[in-house]
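Visitor: One file is attached below, input_25.cif, containing mmCIF, C-alpha atoms.
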```cif
data_model
loop_
_atom_site.label_atom_id
_atom_site.label_comp_id
_atom_site.auth_asym_id
_atom_site.auth_seq_id
_atom_site.Cartn_x
_atom_site.Cartn_y
_atom_site.Cartn_z
CA PHE C 1 -17.11 -30.56 76.97
CA GLU C 2 -14.52 -27.97 75.99
CA PRO C 3 -14.14 -25.64 73.01
CA PRO C 4 -12.19 -27.12 70.08
CA LYS C 5 -8.46 -26.52 70.26
CA PRO C 6 -6.49 -26.20 67.01
CA LYS C 7 -3.43 -28.42 66.71
CA THR C 8 -1.37 -25.55 65.32
CA LYS C 9 -0.29 -22.38 67.12
CA HIS C 10 -2.70 -19.53 66.68
CA LYS C 11 -3.29 -15.98 67.84
CA LEU C 12 -6.65 -14.27 68.08
CA ASP C 13 -6.91 -10.49 68.40
CA ILE C 14 -10.24 -9.10 69.63
CA SER C 15 -10.34 -5.37 69.09
CA SER C 16 -14.02 -4.57 69.61
CA ARG C 17 -16.98 -5.46 71.74
CA GLU C 18 -18.85 -6.83 68.73
CA ALA C 19 -16.02 -9.29 67.96
CA TYR C 20 -16.01 -10.51 71.58
CA GLU C 21 -19.78 -10.99 71.60
CA LYS C 22 -19.63 -12.86 68.29
CA LEU C 23 -16.95 -15.19 69.71
CA TYR C 24 -18.99 -15.70 72.90
CA GLU C 25 -22.14 -16.51 70.93
CA GLN C 26 -20.24 -19.00 68.80
CA GLU C 27 -18.87 -20.70 71.90
CA GLN C 28 -22.37 -20.75 73.44
CA GLU C 29 -23.77 -22.32 70.28
CA TYR C 30 -21.02 -24.93 70.32
CA PHE C 31 -21.83 -25.95 73.91
CA LYS C 32 -25.59 -25.88 73.29
CA THR C 33 -25.16 -28.25 70.37
CA MET C 34 -23.15 -30.62 72.58
CA VAL C 35 -25.74 -30.62 75.35
CA LYS C 36 -28.62 -30.99 72.87
CA GLN C 37 -27.00 -34.06 71.30
CA VAL C 38 -26.61 -35.62 74.76
CA LYS C 39 -30.19 -34.76 75.72
CA ASP C 40 -31.63 -36.04 72.45
CA SER C 41 -29.92 -39.41 72.93
CA GLY C 42 -31.99 -39.95 76.11
CA ALA C 43 -29.06 -39.83 78.55
CA ASN C 44 -29.52 -38.46 82.07
CA LEU C 45 -25.91 -38.88 83.29
CA VAL C 46 -22.69 -37.93 81.52
CA ILE C 47 -19.34 -39.52 82.46
CA CYS C 48 -16.31 -37.92 80.81
CA GLN C 49 -12.63 -38.84 80.83
CA TRP C 50 -11.59 -35.17 80.59
CA GLY C 51 -12.66 -31.97 82.27
CA PHE C 52 -15.65 -29.67 81.68
CA ASP C 53 -15.59 -26.04 80.72
CA ASP C 54 -17.47 -23.90 83.26
CA GLU C 55 -19.97 -22.85 80.62
CA ALA C 56 -20.64 -26.47 79.62
CA ASN C 57 -21.09 -27.41 83.28
CA HIS C 58 -23.65 -24.60 83.69
CA LEU C 59 -25.61 -25.67 80.59
CA LEU C 60 -25.64 -29.32 81.71
CA LEU C 61 -27.10 -28.28 85.04
CA GLN C 62 -29.74 -26.13 83.35
CA ASN C 63 -30.82 -29.10 81.23
CA GLY C 64 -31.05 -31.48 84.20
CA LEU C 65 -28.04 -33.56 83.18
CA SER C 66 -25.77 -34.81 85.96
CA ALA C 67 -22.12 -35.01 84.97
CA VAL C 68 -18.92 -36.66 86.26
CA ARG C 69 -15.54 -35.49 85.03
CA TRP C 70 -11.92 -36.67 85.23
CA VAL C 71 -12.76 -40.38 85.20
CA GLY C 72 -9.66 -42.48 84.48
CA GLY C 73 -9.35 -44.53 81.31
CA VAL C 74 -9.43 -47.92 83.09
CA GLU C 75 -12.36 -46.87 85.27
CA ILE C 76 -14.41 -45.61 82.34
CA GLU C 77 -13.84 -48.93 80.54
CA HIS C 78 -15.04 -50.83 83.61
CA ILE C 79 -18.12 -48.61 83.83
CA ALA C 80 -18.87 -49.25 80.13
CA ILE C 81 -18.62 -53.04 80.68
CA ALA C 82 -20.78 -52.94 83.83
CA THR C 83 -23.53 -50.74 82.38
CA GLY C 84 -23.48 -52.23 78.89
CA GLY C 85 -22.70 -48.84 77.33
CA ARG C 86 -20.25 -47.73 74.66
CA ILE C 87 -17.44 -45.20 75.01
CA VAL C 88 -18.22 -42.52 72.41
CA PRO C 89 -15.39 -40.25 71.21
CA ARG C 90 -17.63 -37.71 69.40
CA PHE C 91 -20.96 -36.15 70.34
CA SER C 92 -22.32 -36.70 66.84
CA GLU C 93 -22.05 -40.48 67.38
CA LEU C 94 -24.32 -40.50 70.45
CA SER C 95 -27.43 -42.64 70.13
CA GLU C 96 -29.81 -44.48 72.45
CA GLU C 97 -28.34 -47.88 71.49
CA LYS C 98 -24.94 -46.84 72.85
CA LEU C 99 -26.22 -45.80 76.29
CA GLY C 100 -25.55 -47.89 79.39
CA ARG C 101 -28.11 -48.74 82.06
CA ALA C 102 -27.83 -48.43 85.85
CA GLY C 103 -30.32 -48.18 88.70
CA ILE C 104 -28.71 -45.81 91.20
CA VAL C 105 -25.67 -43.52 90.98
CA ARG C 106 -24.67 -41.97 94.30
CA GLU C 107 -21.65 -40.47 96.03
CA ILE C 108 -20.52 -41.74 99.42
CA ALA C 109 -17.97 -40.44 101.93
CA PHE C 110 -15.88 -42.53 104.33
CA GLY C 111 -16.16 -41.68 108.02
CA ASN C 112 -14.55 -38.39 108.96
CA THR C 113 -12.18 -38.36 105.98
CA LYS C 114 -12.57 -36.30 102.85
CA GLU C 115 -12.36 -39.31 100.55
CA ARG C 116 -15.39 -39.67 98.32
CA MET C 117 -16.42 -42.40 95.92
CA LEU C 118 -19.03 -42.61 93.18
CA VAL C 119 -21.09 -45.80 93.45
CA ILE C 120 -22.99 -47.16 90.43
CA GLU C 121 -25.51 -49.81 91.48
CA ASP C 122 -27.99 -52.13 89.73
CA CYS C 123 -25.96 -52.22 86.53
CA ALA C 124 -27.19 -53.93 83.38
CA ASN C 125 -24.25 -56.35 83.46
CA SER C 126 -24.27 -57.52 87.06
CA ASN C 127 -21.25 -59.81 86.49
CA ALA C 128 -18.98 -56.83 87.14
CA VAL C 129 -18.38 -56.35 90.88
CA THR C 130 -16.26 -53.84 92.79
CA VAL C 131 -14.81 -54.89 96.16
CA LEU C 132 -14.01 -52.04 98.56
CA VAL C 133 -11.29 -53.05 101.04
CA ARG C 134 -10.87 -50.93 104.18
CA GLY C 135 -8.72 -51.46 107.27
CA GLY C 136 -7.15 -49.81 110.26
CA ASN C 137 -3.75 -49.54 108.59
CA LYS C 138 -2.03 -50.24 105.29
CA MET C 139 -0.76 -53.67 106.37
CA ILE C 140 -4.30 -54.95 107.12
CA VAL C 141 -5.55 -53.64 103.78
CA GLU C 142 -2.70 -55.32 101.88
CA GLU C 143 -3.32 -58.61 103.70
CA ALA C 144 -7.02 -58.47 102.83
CA LYS C 145 -6.18 -57.72 99.19
CA ARG C 146 -3.78 -60.67 99.10
CA SER C 147 -6.42 -63.00 100.56
CA LEU C 148 -8.99 -61.83 97.99
CA HIS C 149 -6.48 -62.31 95.18
CA ASP C 150 -5.69 -65.85 96.38
CA ALA C 151 -9.41 -66.70 96.54
CA MET C 152 -10.01 -65.38 93.02
CA CYS C 153 -7.02 -67.37 91.73
CA VAL C 154 -8.53 -70.55 93.21
CA VAL C 155 -11.82 -69.85 91.40
CA ARG C 156 -9.91 -69.13 88.17
CA ASN C 157 -8.06 -72.46 88.49
CA LEU C 158 -11.34 -74.31 89.01
CA ILE C 159 -12.80 -72.69 85.89
CA LYS C 160 -9.73 -73.71 83.86
CA ASP C 161 -9.72 -77.26 85.27
CA ASN C 162 -12.42 -78.36 87.74
CA ARG C 163 -10.46 -81.38 89.02
CA VAL C 164 -9.48 -81.24 92.70
CA VAL C 165 -7.18 -83.10 95.10
CA TYR C 166 -7.83 -83.40 98.81
CA GLY C 167 -5.82 -81.37 101.30
CA GLY C 168 -4.52 -81.97 104.80
CA GLY C 169 -1.45 -83.63 103.28
CA ALA C 170 -3.57 -86.42 101.73
CA ALA C 171 -2.40 -85.71 98.18
CA GLU C 172 1.28 -85.52 99.21
CA ILE C 173 1.10 -88.77 101.22
CA ALA C 174 -0.60 -90.56 98.29
CA CYS C 175 2.05 -89.25 95.89
CA SER C 176 4.82 -90.28 98.31
CA LEU C 177 3.48 -93.84 98.49
CA ALA C 178 3.18 -94.02 94.69
CA VAL C 179 6.72 -92.71 94.16
CA SER C 180 8.10 -95.12 96.78
CA ALA C 181 6.36 -98.02 95.02
CA TYR C 182 7.83 -96.90 91.71
CA ALA C 183 11.32 -96.72 93.30
CA GLU C 184 11.09 -100.48 94.02
CA THR C 185 10.95 -101.13 90.27
CA VAL C 186 14.03 -99.03 89.46
CA VAL C 187 17.47 -100.66 89.42
CA GLY C 188 20.66 -98.74 90.20
CA VAL C 189 21.58 -95.49 91.87
CA ASP C 190 18.51 -93.69 90.50
CA GLN C 191 16.42 -95.52 93.10
CA PHE C 192 17.96 -93.43 95.90
CA ALA C 193 17.04 -90.16 94.17
CA ILE C 194 13.45 -91.36 93.68
CA ARG C 195 13.18 -92.37 97.34
CA ALA C 196 14.53 -88.96 98.36
CA PHE C 197 11.78 -87.32 96.29
CA ALA C 198 9.18 -89.41 98.12
CA ASP C 199 10.67 -88.37 101.49
CA ALA C 200 10.50 -84.71 100.40
CA LEU C 201 6.76 -85.07 99.71
CA ASP C 202 6.31 -86.32 103.29
CA ASP C 203 7.73 -83.05 104.60
CA ILE C 204 4.51 -81.18 103.73
CA PRO C 205 2.12 -83.13 106.04
CA MET C 206 4.88 -83.17 108.67
CA ALA C 207 5.08 -79.37 108.49
CA LEU C 208 1.28 -79.14 108.85
CA ALA C 209 1.38 -81.26 112.03
CA GLU C 210 4.38 -79.41 113.46
CA ASN C 211 2.81 -75.99 112.86
CA SER C 212 -0.25 -77.20 114.77
CA GLY C 213 1.86 -78.18 117.79
CA LEU C 214 1.55 -81.94 117.20
CA ASP C 215 4.08 -84.74 116.88
CA PRO C 216 4.83 -84.67 113.13
CA ILE C 217 6.29 -88.19 112.87
CA HIS C 218 3.39 -89.75 114.81
CA GLU C 219 0.72 -87.98 112.75
CA LEU C 220 2.39 -88.72 109.41
CA ALA C 221 2.87 -92.39 110.30
CA ALA C 222 -0.80 -92.71 111.31
CA ALA C 223 -2.11 -91.10 108.11
CA LYS C 224 0.27 -93.08 105.88
CA SER C 225 -0.62 -96.32 107.67
CA ARG C 226 -4.35 -95.77 107.10
CA GLN C 227 -3.81 -94.97 103.43
CA MET C 228 -1.85 -98.20 102.95
CA LYS C 229 -4.27 -100.39 104.95
CA GLU C 230 -7.48 -98.99 103.48
CA GLY C 231 -6.13 -98.20 100.03
CA ASN C 232 -7.76 -94.79 100.42
CA PRO C 233 -5.75 -91.80 99.07
CA LEU C 234 -8.16 -89.35 100.76
CA ILE C 235 -6.75 -89.86 104.27
CA GLY C 236 -5.01 -86.73 105.56
CA LEU C 237 -4.58 -84.72 108.76
CA GLU C 238 -7.69 -83.11 110.27
CA LEU C 239 -6.01 -80.59 112.58
CA ASN C 240 -9.11 -78.63 113.65
CA SER C 241 -10.73 -81.56 115.46
CA PRO C 242 -9.71 -83.47 118.57
CA ALA C 243 -7.78 -86.73 118.28
CA ASN C 244 -9.67 -89.90 117.35
CA GLU C 245 -9.80 -93.13 119.37
CA HIS C 246 -6.32 -94.06 118.15
CA GLY C 247 -4.80 -90.85 119.49
CA ASN C 248 -4.10 -89.25 116.07
CA ARG C 249 -5.84 -86.91 113.67
CA ALA C 250 -5.82 -89.00 110.49
CA SER C 251 -9.18 -88.48 108.80
CA ASN C 252 -10.96 -88.67 105.46
CA MET C 253 -10.49 -85.27 103.83
CA LYS C 254 -13.49 -85.76 101.54
CA ASP C 255 -15.78 -86.01 104.55
CA THR C 256 -14.07 -83.01 106.16
CA GLY C 257 -14.40 -80.89 102.99
CA VAL C 258 -10.73 -79.90 102.66
CA PHE C 259 -9.53 -79.82 99.06
CA GLU C 260 -7.25 -77.96 96.66
CA THR C 261 -7.27 -77.41 92.92
CA LEU C 262 -5.30 -79.93 90.88
CA VAL C 263 -3.75 -77.13 88.81
CA GLY C 264 -2.46 -75.37 91.94
CA LYS C 265 -1.02 -78.58 93.42
CA GLN C 266 0.74 -79.46 90.16
CA GLU C 267 2.29 -75.99 90.01
CA GLN C 268 3.47 -76.20 93.64
CA ILE C 269 5.26 -79.54 93.18
CA SER C 270 6.64 -78.57 89.77
CA LEU C 271 8.03 -75.24 91.04
CA ALA C 272 9.59 -76.85 94.14
CA THR C 273 11.25 -79.49 91.94
CA GLN C 274 12.65 -76.85 89.58
CA VAL C 275 14.14 -74.90 92.52
CA VAL C 276 15.87 -78.02 93.82
CA LYS C 277 17.22 -78.85 90.36
CA MET C 278 18.57 -75.30 90.04
CA ILE C 279 20.33 -75.55 93.43
CA LEU C 280 21.83 -78.94 92.54
CA LYS C 281 23.33 -77.46 89.36
CA VAL C 282 25.29 -74.89 91.39
CA ASP C 283 28.85 -76.09 92.12
CA ASP C 284 29.27 -74.12 95.32
CA VAL C 285 27.07 -72.08 97.65
CA ILE C 286 28.68 -68.93 99.05
CA THR C 287 27.61 -68.33 102.62
CA MET C 288 28.04 -65.13 104.63
CA GLY C 289 31.43 -64.90 106.32
CA GLN C 290 32.94 -67.76 104.33
CA TYR C 291 35.93 -65.72 103.16
CA GLN C 292 36.45 -63.61 106.26
#
```
Please, can you express the file's structure as structure tokens?
Guide:
Amino acid sequence: FEPPKPKTKHKLDISSREAYEKLYEQEQEYFKTMVKQVKDSGANLVICQWGFDDEANHLLLQNGLSAVRWVGGVEIEHIAIATGGRIVPRFSELSEEKLGRAGIVREIAFGNTKERMLVIEDCANSNAVTVLVRGGNKMIVEEAKRSLHDAMCVVRNLIKDNRVVYGGGAAEIACSLAVSAYAETVVGVDQFAIRAFADALDDIPMALAENSGLDPIHELAAAKSRQMKEGNPLIGLELNSPANEHGNRASNMKDTGVFETLVGKQEQISLATQVVKMILKVDDVITMGQYQ
């Protein structure tokens, strides 16, 4: 909503009142054509990535057209997706088919601050959602954003692969038992490395028990014993409930409803293994103060 600007340098000399009025009328006609094309398309709200000339803003108001200016490129793309509209680079290309649809467009302010936000509700494509995160300080906001990101990543993993494993250390204990059983079939020094990998998997349920203030060895032994006796790989540590009649917290994670995505668990074990392999390839580890 601005007058056209030539790409080359130019100079315009206005030496009379008639020349100025002719230029003004031409500019008015240019803006009126713009506004008429918007009005004829059936639009009642204009969202623009750039600014508005004062004259264009005045004409929009006279024609009952609300307008929003200086909307960022990413935001205007999101608005187009949410409303089902098209981003139009030229006024001549405006048509009713390219318009988006929304129920309510309103501006809100936050508390006693001067921050304002434009809210577009009841969009045609309701799959697009904006989450507004607020907090007492920056650290709380960042923590909330991180939690939301983690939750969305879990949903993304489930969409990619809907298979799950059960949590509470159940998956790690089952893997540890399977790796230990495989180690029995291996002859030679490699057996010790395989057993060490199985012991490393046991560290995860032990850490869960220790972080909950429980005896890690006792809890791990109870869960592993139940998995071996019952042949049930779903037995893990239920740390939010009181101890059972045997004095431990080994429980069926399927009944408890604690599970993780298979994709996430595979990535965790794979990444941890790669880190260990990288450390083992290093000949020497330089510690602080070693050469002082």
Visitor: Can you tell me which residues surround Asp13 of chain C at a distance of at most 12 Å, considering all atoms listed in the file, apart from same-chain residues fewer than 5 positions away, and format the answer as a list in words?
Guide: Ala19, Tyr20 and Leu23 of chain C
Visitor: Carefully work through the PyMOL selection byres ((chain C and resi 108) around 8) for this structure and note down the residues it includes, as a PyMOL selection string.
Guide: chain C and resi 106-107+109-110+116-119
Visitor: Skipping near chain neighbours, those fewer than 5 positions away, what residues fall within 10 Å of Ile104 of chain C using all atoms listed in the file, listed as a VMD selection string?
Guide: chain C and resid 119 to 123
Visitor: Within 12 Å of (-19.7, -56.4, 89.9) (coordinates as in the file), grab all the protein and nucleic acid residues, counting all atoms listed in the file, and write them out as a ChimeraX atom specification.
Guide: /C:78-79,81-83,119-132
Visitor: Hey, can you check how far atom CA of Thr33 of chain C sits from atom CA of Phe91 of chain C?
Guide: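 Pair atom CA of Thr33 of chain C / atom CA of Phe91 of chain C returns 8.9 Å.
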Visitor: Please write as a list in words the full residue list that the PyMOL selection byres ((chain C and resi 49) around 12) yields on this file.
Guide: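 After applying the PyMOL selection byres ((chain C and resi 49) around 12), what remains is Phe1, Val46, Ile47, Cys48, Trp50, Gly51, Phe52, Ala67, Val68, Arg69, Trp70, Val71, Gly72, Gly73, Val74, Glu75, Ile76, Glu77, Ile79, Ile87, Val88 and Pro89 of chain C.
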Visitor: In Å to one decimal, how far is atom CA of Glu219 of chain C from atom CA of Asp203 of chain C?
Guide: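 If I compute the distance from atom CA of Asp203 of chain C to atom CA of Glu219 of chain C, I get 11.8 Å.
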Visitor: Could you name the residues that touch segment 148-162 of chain C at 9 Å or less, counting only C-alpha atoms, but leaving out those on the same chain fewer than 3 positions away, as an mmCIF file with C-alpha atoms, keeping the file's coordinate frame?
Guide:
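Wrote around20.cif, looks like this:
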```
data_model
loop_
_atom_site.group_PDB
_atom_site.id
_atom_site.type_symbol
_atom_site.label_atom_id
_atom_site.label_comp_id
_atom_site.auth_asym_id
_atom_site.auth_seq_id
_atom_site.Cartn_x
_atom_site.Cartn_y
_atom_site.Cartn_z
ATOM 1 C CA GLU C 143 -3.320 -58.610 103.700
ATOM 2 C CA ALA C 144 -7.020 -58.470 102.830
ATOM 3 C CA LYS C 145 -6.180 -57.720 99.190
ATOM 4 C CA GLU C 260 -7.250 -77.960 96.660
ATOM 5 C CA THR C 261 -7.270 -77.410 92.920
ATOM 6 C CA LEU C 262 -5.300 -79.930 90.880
ATOM 7 C CA VAL C 263 -3.750 -77.130 88.810
ATOM 8 C CA GLY C 264 -2.460 -75.370 91.940
#
```
Visitor: Could you rebuild segment 133-144 of chain C with all heavy atoms and give me the result as a PDB file, in the frame of the given file?
Guide:
```
ATOM      1  N   VAL C 133     -12.042 -52.510  99.908  1.00  0.00           N
ATOM      2  CA  VAL C 133     -11.290 -53.050 101.040  1.00  0.00           C
ATOM      3  C   VAL C 133     -10.861 -51.898 101.942  1.00  0.00           C
ATOM      4  O   VAL C 133     -10.197 -50.966 101.497  1.00  0.00           O
ATOM      5  CB  VAL C 133     -10.047 -53.848 100.567  1.00  0.00           C
ATOM      6  CG1 VAL C 133      -9.269 -54.382 101.764  1.00  0.00           C
ATOM      7  CG2 VAL C 133     -10.463 -54.984  99.658  1.00  0.00           C
ATOM      8  N   ARG C 134     -11.250 -51.960 103.220  1.00  0.00           N
ATOM      9  CA  ARG C 134     -10.870 -50.930 104.180  1.00  0.00           C
ATOM     10  C   ARG C 134     -10.265 -51.606 105.404  1.00  0.00           C
ATOM     11  O   ARG C 134     -10.626 -52.735 105.755  1.00  0.00           O
ATOM     12  CB  ARG C 134     -12.077 -50.096 104.591  1.00  0.00           C
ATOM     13  CG  ARG C 134     -12.727 -49.343 103.443  1.00  0.00           C
ATOM     14  CD  ARG C 134     -13.874 -48.490 103.941  1.00  0.00           C
ATOM     15  NE  ARG C 134     -13.402 -47.442 104.829  1.00  0.00           N
ATOM     16  CZ  ARG C 134     -14.193 -46.728 105.611  1.00  0.00           C
ATOM     17  NH1 ARG C 134     -15.484 -46.993 105.652  1.00  0.00           N
ATOM     18  NH2 ARG C 134     -13.706 -45.782 106.386  1.00  0.00           N
ATOM     19  N   GLY C 135      -9.352 -50.905 106.079  1.00  0.00           N
ATOM     20  CA  GLY C 135      -8.720 -51.460 107.270  1.00  0.00           C
ATOM     21  C   GLY C 135      -8.122 -50.373 108.129  1.00  0.00           C
ATOM     22  O   GLY C 135      -8.023 -49.206 107.723  1.00  0.00           O
ATOM     23  N   GLY C 136      -7.710 -50.773 109.321  1.00  0.00           N
ATOM     24  CA  GLY C 136      -7.150 -49.810 110.260  1.00  0.00           C
ATOM     25  C   GLY C 136      -5.809 -49.252 109.837  1.00  0.00           C
ATOM     26  O   GLY C 136      -5.469 -48.113 110.171  1.00  0.00           O
ATOM     27  N   ASN C 137      -5.032 -50.023 109.092  1.00  0.00           N
ATOM     28  CA  ASN C 137      -3.750 -49.540 108.590  1.00  0.00           C
ATOM     29  C   ASN C 137      -3.451 -50.198 107.248  1.00  0.00           C
ATOM     30  O   ASN C 137      -4.194 -51.081 106.794  1.00  0.00           O
ATOM     31  CB  ASN C 137      -2.614 -49.797 109.599  1.00  0.00           C
ATOM     32  CG  ASN C 137      -2.543 -51.263 110.001  1.00  0.00           C
ATOM     33  OD1 ASN C 137      -2.490 -52.145 109.157  1.00  0.00           O
ATOM     34  ND2 ASN C 137      -2.572 -51.512 111.312  1.00  0.00           N
ATOM     35  N   LYS C 138      -2.365 -49.778 106.639  1.00  0.00           N
ATOM     36  CA  LYS C 138      -2.030 -50.240 105.290  1.00  0.00           C
ATOM     37  C   LYS C 138      -1.733 -51.737 105.267  1.00  0.00           C
ATOM     38  O   LYS C 138      -2.044 -52.443 104.301  1.00  0.00           O
ATOM     39  CB  LYS C 138      -0.830 -49.454 104.768  1.00  0.00           C
ATOM     40  CG  LYS C 138      -0.582 -49.636 103.277  1.00  0.00           C
ATOM     41  CD  LYS C 138       0.504 -48.707 102.770  1.00  0.00           C
ATOM     42  CE  LYS C 138       0.016 -47.268 102.748  1.00  0.00           C
ATOM     43  NZ  LYS C 138       1.000 -46.363 102.112  1.00  0.00           N
ATOM     44  N   MET C 139      -1.130 -52.260 106.336  1.00  0.00           N
ATOM     45  CA  MET C 139      -0.760 -53.670 106.370  1.00  0.00           C
ATOM     46  C   MET C 139      -2.017 -54.556 106.341  1.00  0.00           C
ATOM     47  O   MET C 139      -2.061 -55.570 105.632  1.00  0.00           O
ATOM     48  CB  MET C 139       0.047 -53.967 107.634  1.00  0.00           C
ATOM     49  CG  MET C 139       0.556 -55.397 107.710  1.00  0.00           C
ATOM     50  SD  MET C 139       1.476 -55.722 109.221  1.00  0.00           S
ATOM     51  CE  MET C 139       0.164 -55.674 110.438  1.00  0.00           C
ATOM     52  N   ILE C 140      -3.055 -54.173 107.095  1.00  0.00           N
ATOM     53  CA  ILE C 140      -4.300 -54.950 107.120  1.00  0.00           C
ATOM     54  C   ILE C 140      -4.968 -54.926 105.751  1.00  0.00           C
ATOM     55  O   ILE C 140      -5.492 -55.936 105.270  1.00  0.00           O
ATOM     56  CB  ILE C 140      -5.242 -54.397 108.210  1.00  0.00           C
ATOM     57  CG1 ILE C 140      -4.642 -54.638 109.599  1.00  0.00           C
ATOM     58  CG2 ILE C 140      -6.627 -55.028 108.106  1.00  0.00           C
ATOM     59  CD1 ILE C 140      -5.427 -54.006 110.726  1.00  0.00           C
ATOM     60  N   VAL C 141      -4.954 -53.762 105.106  1.00  0.00           N
ATOM     61  CA  VAL C 141      -5.550 -53.640 103.780  1.00  0.00           C
ATOM     62  C   VAL C 141      -4.818 -54.532 102.773  1.00  0.00           C
ATOM     63  O   VAL C 141      -5.444 -55.251 101.975  1.00  0.00           O
ATOM     64  CB  VAL C 141      -5.546 -52.169 103.314  1.00  0.00           C
ATOM     65  CG1 VAL C 141      -5.976 -52.063 101.857  1.00  0.00           C
ATOM     66  CG2 VAL C 141      -6.465 -51.328 104.188  1.00  0.00           C
ATOM     67  N   GLU C 142      -3.478 -54.501 102.806  1.00  0.00           N
ATOM     68  CA  GLU C 142      -2.700 -55.320 101.880  1.00  0.00           C
ATOM     69  C   GLU C 142      -2.922 -56.802 102.119  1.00  0.00           C
ATOM     70  O   GLU C 142      -2.969 -57.599 101.180  1.00  0.00           O
ATOM     71  CB  GLU C 142      -1.203 -54.987 102.009  1.00  0.00           C
ATOM     72  CG  GLU C 142      -0.828 -53.604 101.498  1.00  0.00           C
ATOM     73  CD  GLU C 142      -1.156 -53.414 100.032  1.00  0.00           C
ATOM     74  OE1 GLU C 142      -0.978 -54.377  99.256  1.00  0.00           O
ATOM     75  OE2 GLU C 142      -1.588 -52.310  99.654  1.00  0.00           O
ATOM     76  N   GLU C 143      -3.056 -57.204 103.381  1.00  0.00           N
ATOM     77  CA  GLU C 143      -3.320 -58.610 103.700  1.00  0.00           C
ATOM     78  C   GLU C 143      -4.686 -59.037 103.192  1.00  0.00           C
ATOM     79  O   GLU C 143      -4.849 -60.145 102.655  1.00  0.00           O
ATOM     80  CB  GLU C 143      -3.230 -58.804 105.219  1.00  0.00           C
ATOM     81  CG  GLU C 143      -3.406 -60.245 105.679  1.00  0.00           C
ATOM     82  CD  GLU C 143      -2.283 -61.157 105.226  1.00  0.00           C
ATOM     83  OE1 GLU C 143      -1.194 -60.646 104.898  1.00  0.00           O
ATOM     84  OE2 GLU C 143      -2.499 -62.384 105.201  1.00  0.00           O
ATOM     85  N   ALA C 144      -5.677 -58.160 103.343  1.00  0.00           N
ATOM     86  CA  ALA C 144      -7.020 -58.470 102.830  1.00  0.00           C
ATOM     87  C   ALA C 144      -7.016 -58.568 101.305  1.00  0.00           C
ATOM     88  O   ALA C 144      -7.662 -59.461 100.731  1.00  0.00           O
ATOM     89  CB  ALA C 144      -8.009 -57.401 103.291  1.00  0.00           C
TER      90      ALA C 144
END
```
